[in-house]
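To be precise, the following lines are entry_27.txt, and they hold compact mmCIF, C-alpha atoms.
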```
# COMPACT_ATOMS: atom_id res chain seq x y z
CA MET A 29 23.05 -13.78 86.31
CA SER A 30 22.16 -11.91 83.11
CA VAL A 31 20.16 -8.70 83.28
CA ALA A 32 16.83 -8.69 81.44
CA THR A 33 16.39 -5.57 79.33
CA ALA A 34 13.40 -4.49 77.29
CA ARG A 35 15.33 -5.07 74.08
CA ILE A 36 16.28 -8.65 74.95
CA LEU A 37 12.78 -9.56 76.15
CA LEU A 38 11.10 -8.01 73.12
CA GLU A 39 13.33 -9.79 70.63
CA ALA A 40 12.70 -13.17 72.26
CA ALA A 41 8.97 -12.54 72.44
CA CYS A 42 8.82 -11.45 68.80
CA CYS A 43 10.40 -14.71 67.71
CA ARG A 44 7.94 -16.76 69.75
CA LEU A 45 4.88 -14.84 68.56
CA ALA A 46 5.99 -14.91 64.93
CA ALA A 47 6.45 -18.68 65.15
CA ALA A 48 2.90 -18.94 66.51
CA GLY A 49 1.52 -17.07 63.49
CA VAL A 50 0.62 -13.86 65.31
CA PRO A 51 0.09 -11.24 62.58
CA ASP A 52 2.02 -8.31 64.12
CA PRO A 53 4.33 -9.85 66.73
CA ARG A 54 6.48 -6.79 67.41
CA ARG A 55 3.52 -4.50 68.06
CA ASP A 56 1.87 -7.04 70.35
CA ALA A 57 5.08 -7.76 72.26
CA ARG A 58 5.58 -4.04 72.82
CA LEU A 59 2.00 -3.62 74.08
CA LEU A 60 2.37 -6.52 76.49
CA LEU A 61 5.74 -5.40 77.84
CA GLY A 62 4.48 -1.83 78.20
CA ALA A 63 1.57 -3.14 80.27
CA ALA A 64 3.88 -5.28 82.41
CA LEU A 65 6.02 -2.21 83.13
CA ASP A 66 3.00 0.12 83.44
CA LEU A 67 4.49 2.29 80.71
CA PRO A 68 3.20 3.50 77.34
CA PRO A 69 4.62 1.26 74.59
CA ALA A 70 6.37 4.26 73.02
CA ALA A 71 8.59 4.49 76.09
CA LEU A 72 10.22 1.22 75.04
CA LEU A 73 11.31 2.79 71.77
CA THR A 74 13.12 5.65 73.49
CA ASP A 75 14.70 3.47 76.18
CA PRO A 76 15.16 -0.04 74.72
CA ASP A 77 17.86 -0.97 77.23
CA ARG A 78 15.63 -0.31 80.23
CA VAL A 79 16.18 -2.99 82.87
CA VAL A 80 13.07 -5.08 83.50
CA GLY A 81 12.61 -6.31 87.06
CA PRO A 82 11.75 -9.94 87.83
CA GLU A 83 8.06 -9.34 88.59
CA ALA A 84 7.46 -7.45 85.36
CA ALA A 85 9.49 -10.01 83.40
CA GLU A 86 7.39 -12.84 84.81
CA ARG A 87 4.13 -11.08 84.00
CA PHE A 88 5.41 -10.47 80.48
CA ARG A 89 6.39 -14.13 80.09
CA VAL A 90 2.91 -15.30 81.12
CA ASP A 91 1.20 -12.80 78.82
CA VAL A 92 3.37 -13.78 75.86
CA GLU A 93 2.43 -17.42 76.44
CA ARG A 94 -1.24 -16.43 76.32
CA ARG A 95 -0.71 -14.49 73.08
CA GLU A 96 1.09 -17.51 71.60
CA LYS A 97 -2.22 -19.34 71.99
CA ARG A 98 -3.77 -16.52 69.90
CA GLU A 99 -5.61 -14.93 72.78
CA PRO A 100 -6.11 -11.28 71.70
CA VAL A 101 -4.03 -8.62 73.43
CA SER A 102 -7.18 -6.78 74.47
CA ARG A 103 -8.41 -9.86 76.34
CA ILE A 104 -5.04 -10.41 77.99
CA LEU A 105 -4.96 -6.80 79.17
CA GLY A 106 -8.71 -6.60 79.74
CA ARG A 107 -9.11 -3.34 77.84
CA ARG A 108 -9.30 -1.85 74.37
CA GLU A 109 -9.28 1.72 73.08
CA PHE A 110 -12.28 2.71 70.96
CA TRP A 111 -12.98 6.24 69.71
CA SER A 112 -9.94 7.27 71.80
CA LEU A 113 -11.72 6.06 74.95
CA PRO A 114 -10.62 3.14 77.17
CA PHE A 115 -13.08 0.24 77.45
CA ARG A 116 -12.97 -2.84 79.61
CA VAL A 117 -13.31 -6.07 77.67
CA THR A 118 -14.61 -9.29 79.25
CA PRO A 119 -15.39 -12.81 77.98
CA ALA A 120 -19.04 -11.73 77.54
CA THR A 121 -18.27 -8.88 75.14
CA LEU A 122 -16.99 -8.46 71.64
CA ASP A 123 -13.61 -6.83 71.32
CA PRO A 124 -14.37 -3.30 70.02
CA ARG A 125 -12.70 -2.77 66.66
CA PRO A 126 -11.87 0.29 64.57
CA ASP A 127 -14.32 -0.90 61.88
CA SER A 128 -17.18 -0.16 64.27
CA GLU A 129 -16.06 3.45 64.67
CA THR A 130 -17.59 3.84 61.20
CA LEU A 131 -21.03 3.81 62.87
CA VAL A 132 -20.10 6.53 65.33
CA GLU A 133 -18.71 8.75 62.61
CA ALA A 134 -21.71 8.12 60.35
CA VAL A 135 -24.19 9.11 63.05
CA LEU A 136 -22.31 12.24 64.04
CA ARG A 137 -22.22 13.39 60.42
CA VAL A 138 -26.01 13.39 60.10
CA ILE A 139 -26.84 15.03 63.45
CA PRO A 140 -27.41 18.73 62.74
CA ASP A 141 -27.11 19.88 66.37
CA ARG A 142 -24.78 18.00 68.70
CA ASN A 143 -26.15 19.95 71.67
CA ALA A 144 -29.69 18.69 71.12
CA GLN A 145 -31.43 16.59 73.77
CA LEU A 146 -31.33 13.37 71.83
CA ARG A 147 -32.43 9.92 72.91
CA LEU A 148 -30.18 7.03 71.79
CA ALA A 149 -30.47 3.24 71.79
CA ASP A 150 -27.69 0.68 71.27
CA LEU A 151 -28.92 -2.85 70.50
CA GLY A 152 -26.54 -5.67 71.44
CA THR A 153 -24.47 -3.15 73.35
CA GLY A 154 -21.64 -5.44 74.55
CA THR A 155 -19.02 -3.17 76.11
CA GLY A 156 -21.30 -0.18 75.47
CA CYS A 157 -18.68 1.28 73.13
CA LEU A 158 -21.06 2.58 70.46
CA LEU A 159 -23.45 4.25 72.89
CA LEU A 160 -20.76 5.65 75.16
CA ALA A 161 -18.67 6.97 72.26
CA LEU A 162 -21.71 8.81 70.94
CA LEU A 163 -22.62 10.18 74.37
CA SER A 164 -19.07 11.50 74.72
CA GLU A 165 -19.70 13.62 71.60
CA LEU A 166 -23.32 14.56 72.35
CA PRO A 167 -23.29 16.31 75.74
CA ARG A 168 -27.06 16.57 76.22
CA ALA A 169 -28.00 13.15 74.87
CA THR A 170 -29.09 10.18 76.96
CA GLY A 171 -29.06 6.54 75.97
CA LEU A 172 -30.25 3.00 76.55
CA GLY A 173 -28.00 0.02 75.89
CA ILE A 174 -29.56 -3.44 75.60
CA ASP A 175 -27.87 -6.83 75.53
CA CYS A 176 -29.19 -10.36 75.97
CA ASP A 177 -26.21 -11.29 78.19
CA PRO A 178 -26.37 -9.94 81.77
CA SER A 179 -22.58 -10.16 82.02
CA ALA A 180 -22.19 -7.87 79.02
CA VAL A 181 -24.65 -5.43 80.59
CA ALA A 182 -22.56 -5.41 83.76
CA THR A 183 -19.42 -4.68 81.74
CA ALA A 184 -21.12 -1.80 79.91
CA GLU A 185 -22.24 -0.32 83.24
CA ILE A 186 -18.67 -0.40 84.52
CA ASN A 187 -17.43 1.30 81.36
CA ALA A 188 -20.08 4.00 81.70
CA ARG A 189 -19.01 4.72 85.27
CA GLU A 190 -15.31 4.78 84.46
CA LEU A 191 -15.89 7.15 81.54
CA GLY A 192 -18.03 9.49 83.66
CA LEU A 193 -21.14 8.83 81.54
CA ALA A 194 -23.24 6.74 83.93
CA ASP A 195 -25.62 9.62 84.59
CA ARG A 196 -26.67 9.62 80.93
CA ALA A 197 -26.56 5.92 80.10
CA VAL A 198 -28.81 3.08 81.26
CA PHE A 199 -28.15 -0.55 80.42
CA ARG A 200 -30.54 -3.47 80.65
CA THR A 201 -30.86 -7.11 79.68
CA GLY A 202 -33.31 -7.70 76.87
CA ASP A 203 -34.17 -9.03 73.43
CA TRP A 204 -33.45 -6.08 71.13
CA LEU A 205 -36.26 -3.53 71.70
CA ALA A 206 -38.88 -6.01 72.91
CA GLY A 207 -40.77 -4.53 75.84
CA VAL A 208 -39.28 -1.04 75.39
CA SER A 209 -41.84 1.77 75.21
CA ASP A 210 -39.51 4.68 74.36
CA ASP A 211 -38.91 6.13 70.91
CA PHE A 212 -35.41 7.18 69.86
CA ASP A 213 -33.67 9.78 67.74
CA VAL A 214 -30.75 7.43 67.07
CA ILE A 215 -30.62 3.63 67.06
CA VAL A 216 -27.28 1.89 66.53
CA SER A 217 -26.27 -1.74 66.51
CA ASN A 218 -23.35 -4.01 65.74
CA PRO A 219 -25.33 -7.27 65.77
CA PRO A 220 -24.13 -10.84 65.17
CA TYR A 221 -23.67 -11.16 61.40
CA ILE A 222 -21.26 -14.04 60.76
CA PRO A 223 -22.93 -17.05 59.10
CA THR A 224 -22.79 -19.71 61.78
CA GLU A 225 -20.91 -22.29 59.69
CA GLU A 226 -18.17 -19.76 58.87
CA ILE A 227 -17.20 -18.91 62.45
CA ASP A 228 -14.78 -21.78 62.94
CA ARG A 229 -12.94 -20.77 59.76
CA LEU A 230 -12.17 -17.27 61.06
CA GLU A 231 -8.83 -16.30 62.57
CA PRO A 232 -8.26 -17.88 66.02
CA GLU A 233 -8.52 -14.51 67.78
CA VAL A 234 -12.17 -14.41 66.72
CA ALA A 235 -13.22 -18.04 66.45
CA GLN A 236 -11.70 -19.12 69.76
CA TRP A 237 -11.99 -16.03 71.92
CA GLU A 238 -15.02 -13.95 70.92
CA PRO A 239 -18.38 -14.88 72.48
CA ARG A 240 -20.21 -17.09 69.99
CA LEU A 241 -23.51 -15.44 70.87
CA ALA A 242 -22.18 -12.10 69.61
CA LEU A 243 -20.91 -13.59 66.34
CA SER A 244 -23.47 -16.08 65.07
CA GLY A 245 -25.99 -14.55 62.68
CA GLY A 246 -27.67 -17.77 61.58
CA VAL A 247 -27.40 -19.57 58.26
CA ASP A 248 -26.93 -16.43 56.16
CA GLY A 249 -25.77 -14.07 58.91
CA LEU A 250 -28.91 -11.93 58.73
CA ASP A 251 -31.12 -13.33 61.51
CA ALA A 252 -30.50 -10.37 63.85
CA TYR A 253 -31.54 -7.85 61.20
CA ARG A 254 -34.78 -9.71 60.58
CA ALA A 255 -35.54 -9.56 64.30
CA MET A 256 -34.50 -5.92 64.77
CA ALA A 257 -35.89 -4.25 61.67
CA PRO A 258 -39.61 -4.18 62.62
CA GLN A 259 -38.72 -2.99 66.13
CA ILE A 260 -36.48 -0.24 64.80
CA ALA A 261 -39.24 0.89 62.45
CA SER A 262 -41.62 1.09 65.42
CA HIS A 263 -39.27 2.95 67.78
CA LEU A 264 -37.40 5.37 65.51
CA ARG A 265 -38.65 8.96 65.68
CA ARG A 266 -39.77 10.78 62.56
CA ASP A 267 -36.47 12.65 62.06
CA GLY A 268 -34.34 9.89 63.56
CA VAL A 269 -31.63 7.72 62.09
CA ALA A 270 -30.62 4.09 62.50
CA ALA A 271 -27.04 3.00 61.84
CA LEU A 272 -26.30 -0.71 61.62
CA GLU A 273 -23.01 -2.50 61.05
CA PHE A 274 -22.86 -5.48 58.69
CA GLY A 275 -20.28 -7.78 57.14
CA ALA A 276 -18.65 -7.82 53.73
CA GLY A 277 -21.15 -8.58 50.97
CA GLN A 278 -24.23 -8.13 53.17
CA ALA A 279 -25.27 -4.60 52.13
CA ARG A 280 -28.03 -5.71 49.76
CA GLY A 281 -29.46 -8.31 52.12
CA VAL A 282 -29.55 -5.92 55.09
CA SER A 283 -31.05 -3.05 53.09
CA ASP A 284 -33.76 -5.35 51.69
CA ILE A 285 -34.71 -6.41 55.22
CA LEU A 286 -34.88 -2.82 56.45
CA GLU A 287 -36.95 -1.65 53.48
CA ALA A 288 -39.37 -4.57 53.94
CA SER A 289 -40.04 -3.23 57.45
CA GLY A 290 -40.89 0.23 56.13
CA LEU A 291 -37.52 1.90 56.63
CA GLU A 292 -35.84 4.04 53.98
CA ILE A 293 -32.14 3.63 53.20
CA ARG A 294 -30.27 6.91 53.57
CA GLY A 295 -26.90 5.62 52.49
CA PHE A 296 -23.92 3.42 53.27
CA ARG A 297 -20.52 4.07 54.78
CA HIS A 298 -17.18 2.36 54.14
CA ASP A 299 -14.72 1.41 56.87
CA LEU A 300 -11.03 2.37 56.81
CA ALA A 301 -10.26 -0.61 54.56
CA GLY A 302 -12.80 0.56 51.99
CA VAL A 303 -15.33 -2.18 52.80
CA LEU A 304 -19.03 -1.29 53.02
CA ARG A 305 -19.60 -1.52 56.76
CA CYS A 306 -22.60 0.58 57.83
CA VAL A 307 -26.10 1.33 56.56
CA LEU A 308 -28.08 4.42 57.55
CA ALA A 309 -31.88 4.23 57.57
CA SER A 310 -34.81 6.42 58.56
CA ARG A 311 -38.54 6.01 58.88
CA GLY A 312 -40.40 5.54 55.63
CA SER A 313 -42.60 8.45 54.58
CA ALA A 314 -45.71 6.26 54.73
CA LYS A 315 -45.13 5.29 58.37
CA LYS A 316 -47.67 6.81 60.77
```
Could you rewrite the structure in this file as structure tokens?
Amino acid sequence: MSVATARILLEAACCRLAAAGVPDPRRDARLLLGAALDLPPAALLTDPDRVVGPEAAERFRVDVERREKREPVSRILGRREFWSLPFRVTPATLDPRPDSETLVEAVLRVIPDRNAQLRLADLGTGTGCLLLALLSELPRATGLGIDCDPSAVATAEINARELGLADRAVFRTGDWLAGVSDDFDVIVSNPPYIPTEEIDRLEPEVAQWEPRLALSGGVDGLDAYRAMAPQIASHLRRDGVAALEFGAGQARGVSDILEASGLEIRGFRHDLAGVLRCVLASRGSAKK
């Protein structure tokens, strides 16, 4: 009976994933085998001839089959790192992506005092990654995360507890800021912004596995901004800032919607690929 080593299993998995069209088969195979062995993926580089026991090999086989069907690694493993923090990912939540870290960085850059007692809101919170990443950097801040899906809210609550931030974060089910009486120093959101008819043309990892509710932005992708903008204008404090993610080519449309609600555009931020990804806005000077 042949002995299964990490090298042999990885090579076979890479071939299968490449044939299935997976973009980075070697990286994904290494992540999956590392998880099956409960080891950091880097350990496989330093010890490629490590013997893999039958239980770990079987788990790896099953996970590779799932990845062949283009199920994202984060959904197979049930977790994703965001802002160097571990987050649980469930079928009700978007998979947190590095592009969205642009919002966290943008907010932190405009906060003059990170020790201030700030009040934050995260609209369409999903995993809670935006709110919880900010709270991890703002030790005296508190926050409210809102999502229309109760299952997403439950996931965000688990993430808050596991990150030790549950005492400063509250999550609730709701329709953006409808029914909320608080005002906020910071409002962030990564809302649905994919034009509905374009979703099925996206890569399978998105079209088949992300929750449609968290993707679909209506005919032009801007429905969520139209709903949020007046509420943000009503709940943002005088010196506060709103940071909203948007898709490629949507900067003008989103900024027009925000300005029509009385908000002033403070600037835009690019993601790591150089794509305009985030708009910063504040209360208009005429707002009472």
8 Å contact set for A:Arg196, all atoms listed in the file, chain neighbours under 5 positions out, as a VMD selection string: chain A and resid 163 169 to 171
Between A:Tyr253, A:Trp204, A:Phe88, A:Trp111, which has the minimum distance to A:Thr130 (counting only C-alpha atoms)?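 Going through A:Tyr253, A:Trp204, A:Phe88, A:Trp111 one by one, the smallest distance to A:Thr130 is for A:Trp111.
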Dump as a Markdown table the rows for residues of stretch 94-203 of chain A within 10 Å of stretch 231-244 of chain A: closest atom pair and distance in Å with one decimal, only C-alpha atoms counted, ordered by chain and rising residue number.
```
| residue | atom | partner | partner_atom | distance |
| --- | --- | --- | --- | --- |
| A:Arg95 | CA | A:Glu233 | CA | 9.4 |
| A:Lys97 | CA | A:Pro232 | CA | 8.6 |
| A:Arg98 | CA | A:Glu233 | CA | 5.6 |
| A:Glu99 | CA | A:Glu233 | CA | 5.8 |
| A:Pro100 | CA | A:Glu233 | CA | 5.6 |
| A:Val101 | CA | A:Glu233 | CA | 9.3 |
| A:Arg103 | CA | A:Trp237 | CA | 8.4 |
| A:Thr118 | CA | A:Glu238 | CA | 9.6 |
| A:Pro119 | CA | A:Pro239 | CA | 6.6 |
| A:Ala120 | CA | A:Pro239 | CA | 6.0 |
| A:Thr121 | CA | A:Pro239 | CA | 6.6 |
| A:Leu122 | CA | A:Glu238 | CA | 5.9 |
| A:Asp123 | CA | A:Glu238 | CA | 7.3 |
| A:Gly152 | CA | A:Ala242 | CA | 8.0 |
| A:Thr153 | CA | A:Ala242 | CA | 10.0 |
| A:Gly154 | CA | A:Ala242 | CA | 8.3 |
| A:Asp175 | CA | A:Ala242 | CA | 9.8 |
| A:Cys176 | CA | A:Leu241 | CA | 9.2 |
| A:Asp177 | CA | A:Leu241 | CA | 8.8 |
```
Preceding selection exported with C-alpha atoms as a compact mmCIF listing (two decimals), in the frame of the given file:
```
# COMPACT_ATOMS: atom_id res chain seq x y z
CA ARG A 95 -0.71 -14.49 73.08
CA LYS A 97 -2.22 -19.34 71.99
CA ARG A 98 -3.77 -16.52 69.90
CA GLU A 99 -5.61 -14.93 72.78
CA PRO A 100 -6.11 -11.28 71.70
CA VAL A 101 -4.03 -8.62 73.43
CA ARG A 103 -8.41 -9.86 76.34
CA THR A 118 -14.61 -9.29 79.25
CA PRO A 119 -15.39 -12.81 77.98
CA ALA A 120 -19.04 -11.73 77.54
CA THR A 121 -18.27 -8.88 75.14
CA LEU A 122 -16.99 -8.46 71.64
CA ASP A 123 -13.61 -6.83 71.32
CA GLY A 152 -26.54 -5.67 71.44
CA THR A 153 -24.47 -3.15 73.35
CA GLY A 154 -21.64 -5.44 74.55
CA ASP A 175 -27.87 -6.83 75.53
CA CYS A 176 -29.19 -10.36 75.97
CA ASP A 177 -26.21 -11.29 78.19
```
Mind pulling up the distance from atom CA of A:Thr155 to atom CA of A:Ser262? 25.4 Å
Nearest to A:Glu39 among A:Ala71, A:Val92, A:Glu225, A:Leu193, with distances taken over only C-alpha atoms: which residue is it?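 Nearest to A:Glu39: A:Val92.
Across the model, the gap from atom CA of A:Ala197 to atom CA of A:Ala182 is 12.6 Å.
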Compile the contact shell of stretch 78-80 of chain A as JSON, numbers by chain: residues with an atom at most 12 Å away, counting all atoms listed in the file, same-chain residues fewer than 6 positions apart removed. {"A": [30, 31, 32, 33, 34, 35, 36, 37, 38, 61, 62, 64, 65, 66, 67, 71, 72, 86, 87, 88, 89]}
What does the distance between atom CA of A:Leu172 and atom CA of A:Phe199 come to in Å, to one decimal place?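 Pair atom CA of A:Leu172 / atom CA of A:Phe199 returns 5.7 Å.
Closest approach to A:Asn187 from the set A:Leu60, A:Ile285, A:Ala41, A:Leu159 is made by A:Leu159, with distances taken over only C-alpha atoms.
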Top pick for closest residue to A:Thr201, considering A:Asp141, A:Glu165, A:Glu83, A:Asp150 and counting all atoms listed in the file: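 Distance minimum relative to A:Thr201 lands on A:Asp150.
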Name the closest residue to A:Ala255 among the candidates A:Glu129, A:Asp284, A:Asp91, A:Asp203; distances are taken between atoms, counting all atoms listed in the file.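 Checking each candidate against A:Ala255, we get A:Asp203 as the closest.
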Which is closer to A:Ala270 than all the others in A:Leu136, A:Ala161, A:Ala301, A:Val181, using all atoms listed in the file?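 Of A:Leu136, A:Ala161, A:Ala301, A:Val181, the one nearest A:Ala270 is A:Leu136, counting all atoms listed in the file.
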Box for stretch 90-95 of chain A: with edges along x, y and z, all listed atoms inside and 4 Å added on each side, what are the centre and edge lengths in Å to one decimal, as AutoDock Vina command-line options?
```
--center_x 1.1 --center_y -15.1 --center_z 77.1 --size_x 12.6 --size_y 12.6 --size_z 16.0
```
If we count all atoms listed in the file and set the cut-off at 10 Å, which residues sit around A:Arg297, ignoring sequence neighbours fewer than 6 positions away in its own chain? Please answer as a compact mmCIF listing (two decimals) with C-alpha atoms, in the coordinates of the input.
```txt
# COMPACT_ATOMS: atom_id res chain seq x y z
CA THR A 130 -17.59 3.84 61.20
CA LEU A 131 -21.03 3.81 62.87
CA GLU A 133 -18.71 8.75 62.61
CA ALA A 134 -21.71 8.12 60.35
CA ALA A 271 -27.04 3.00 61.84
CA GLU A 273 -23.01 -2.50 61.05
CA VAL A 303 -15.33 -2.18 52.80
CA LEU A 304 -19.03 -1.29 53.02
CA ARG A 305 -19.60 -1.52 56.76
CA CYS A 306 -22.60 0.58 57.83
CA VAL A 307 -26.10 1.33 56.56
CA LEU A 308 -28.08 4.42 57.55
```
Exercise: A:Leu146 partners within 10 Å, only C-alpha atoms, chain neighbours under 2 positions left out, as a VMD selection string: chain A and resid 139 141 to 144 148 163 166 to 171 212 to 214 268
Using only C-alpha atoms, please write the residues we just selected to a file, as a PDB file, keeping the file's coordinate frame.
```pdb
ATOM      1  CA  ILE A 139     -26.840  15.030  63.450  1.00  0.00           C
ATOM      2  CA  ASP A 141     -27.110  19.880  66.370  1.00  0.00           C
ATOM      3  CA  ARG A 142     -24.780  18.000  68.700  1.00  0.00           C
ATOM      4  CA  ASN A 143     -26.150  19.950  71.670  1.00  0.00           C
ATOM      5  CA  ALA A 144     -29.690  18.690  71.120  1.00  0.00           C
ATOM      6  CA  LEU A 148     -30.180   7.030  71.790  1.00  0.00           C
ATOM      7  CA  LEU A 163     -22.620  10.180  74.370  1.00  0.00           C
ATOM      8  CA  LEU A 166     -23.320  14.560  72.350  1.00  0.00           C
ATOM      9  CA  PRO A 167     -23.290  16.310  75.740  1.00  0.00           C
ATOM     10  CA  ARG A 168     -27.060  16.570  76.220  1.00  0.00           C
ATOM     11  CA  ALA A 169     -28.000  13.150  74.870  1.00  0.00           C
ATOM     12  CA  THR A 170     -29.090  10.180  76.960  1.00  0.00           C
ATOM     13  CA  GLY A 171     -29.060   6.540  75.970  1.00  0.00           C
ATOM     14  CA  PHE A 212     -35.410   7.180  69.860  1.00  0.00           C
ATOM     15  CA  ASP A 213     -33.670   9.780  67.740  1.00  0.00           C
ATOM     16  CA  VAL A 214     -30.750   7.430  67.070  1.00  0.00           C
ATOM     17  CA  GLY A 268     -34.340   9.890  63.560  1.00  0.00           C
TER      18      GLY A 268
END
```
Save C-alpha atoms of stretch 147-173 of chain A from the block above as a PDB file, in the first residue's frame.
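Produced file result23.pdb, reproduced below:
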```
ATOM      1  CA  ARG A 147     -20.328  55.589  17.789  1.00  0.00           C
ATOM      2  CA  LEU A 148     -20.240  53.425  14.630  1.00  0.00           C
ATOM      3  CA  ALA A 149     -22.867  51.861  12.369  1.00  0.00           C
ATOM      4  CA  ASP A 150     -22.373  49.140   9.745  1.00  0.00           C
ATOM      5  CA  LEU A 151     -25.267  48.778   7.289  1.00  0.00           C
ATOM      6  CA  GLY A 152     -25.662  45.344   5.694  1.00  0.00           C
ATOM      7  CA  THR A 153     -23.142  44.007   8.176  1.00  0.00           C
ATOM      8  CA  GLY A 154     -22.949  40.375   6.993  1.00  0.00           C
ATOM      9  CA  THR A 155     -20.097  38.770   8.936  1.00  0.00           C
ATOM     10  CA  GLY A 156     -19.616  42.039  10.837  1.00  0.00           C
ATOM     11  CA  CYS A 157     -16.139  42.353   9.351  1.00  0.00           C
ATOM     12  CA  LEU A 158     -16.208  46.111   8.719  1.00  0.00           C
ATOM     13  CA  LEU A 159     -17.559  47.033  12.135  1.00  0.00           C
ATOM     14  CA  LEU A 160     -15.424  44.570  14.062  1.00  0.00           C
ATOM     15  CA  ALA A 161     -12.235  45.500  12.196  1.00  0.00           C
ATOM     16  CA  LEU A 162     -12.834  49.143  13.065  1.00  0.00           C
ATOM     17  CA  LEU A 163     -13.617  48.358  16.700  1.00  0.00           C
ATOM     18  CA  SER A 164     -10.360  46.413  16.922  1.00  0.00           C
ATOM     19  CA  GLU A 165      -8.532  49.653  16.031  1.00  0.00           C
ATOM     20  CA  LEU A 166     -10.730  52.037  18.043  1.00  0.00           C
ATOM     21  CA  PRO A 167     -10.591  50.828  21.659  1.00  0.00           C
ATOM     22  CA  ARG A 168     -13.244  53.162  23.085  1.00  0.00           C
ATOM     23  CA  ALA A 169     -15.693  52.998  20.190  1.00  0.00           C
ATOM     24  CA  THR A 170     -18.987  51.110  20.192  1.00  0.00           C
ATOM     25  CA  GLY A 171     -20.996  49.990  17.206  1.00  0.00           C
ATOM     26  CA  LEU A 172     -24.270  48.797  15.754  1.00  0.00           C
ATOM     27  CA  GLY A 173     -24.382  46.318  12.881  1.00  0.00           C
TER      28      GLY A 173
END
```
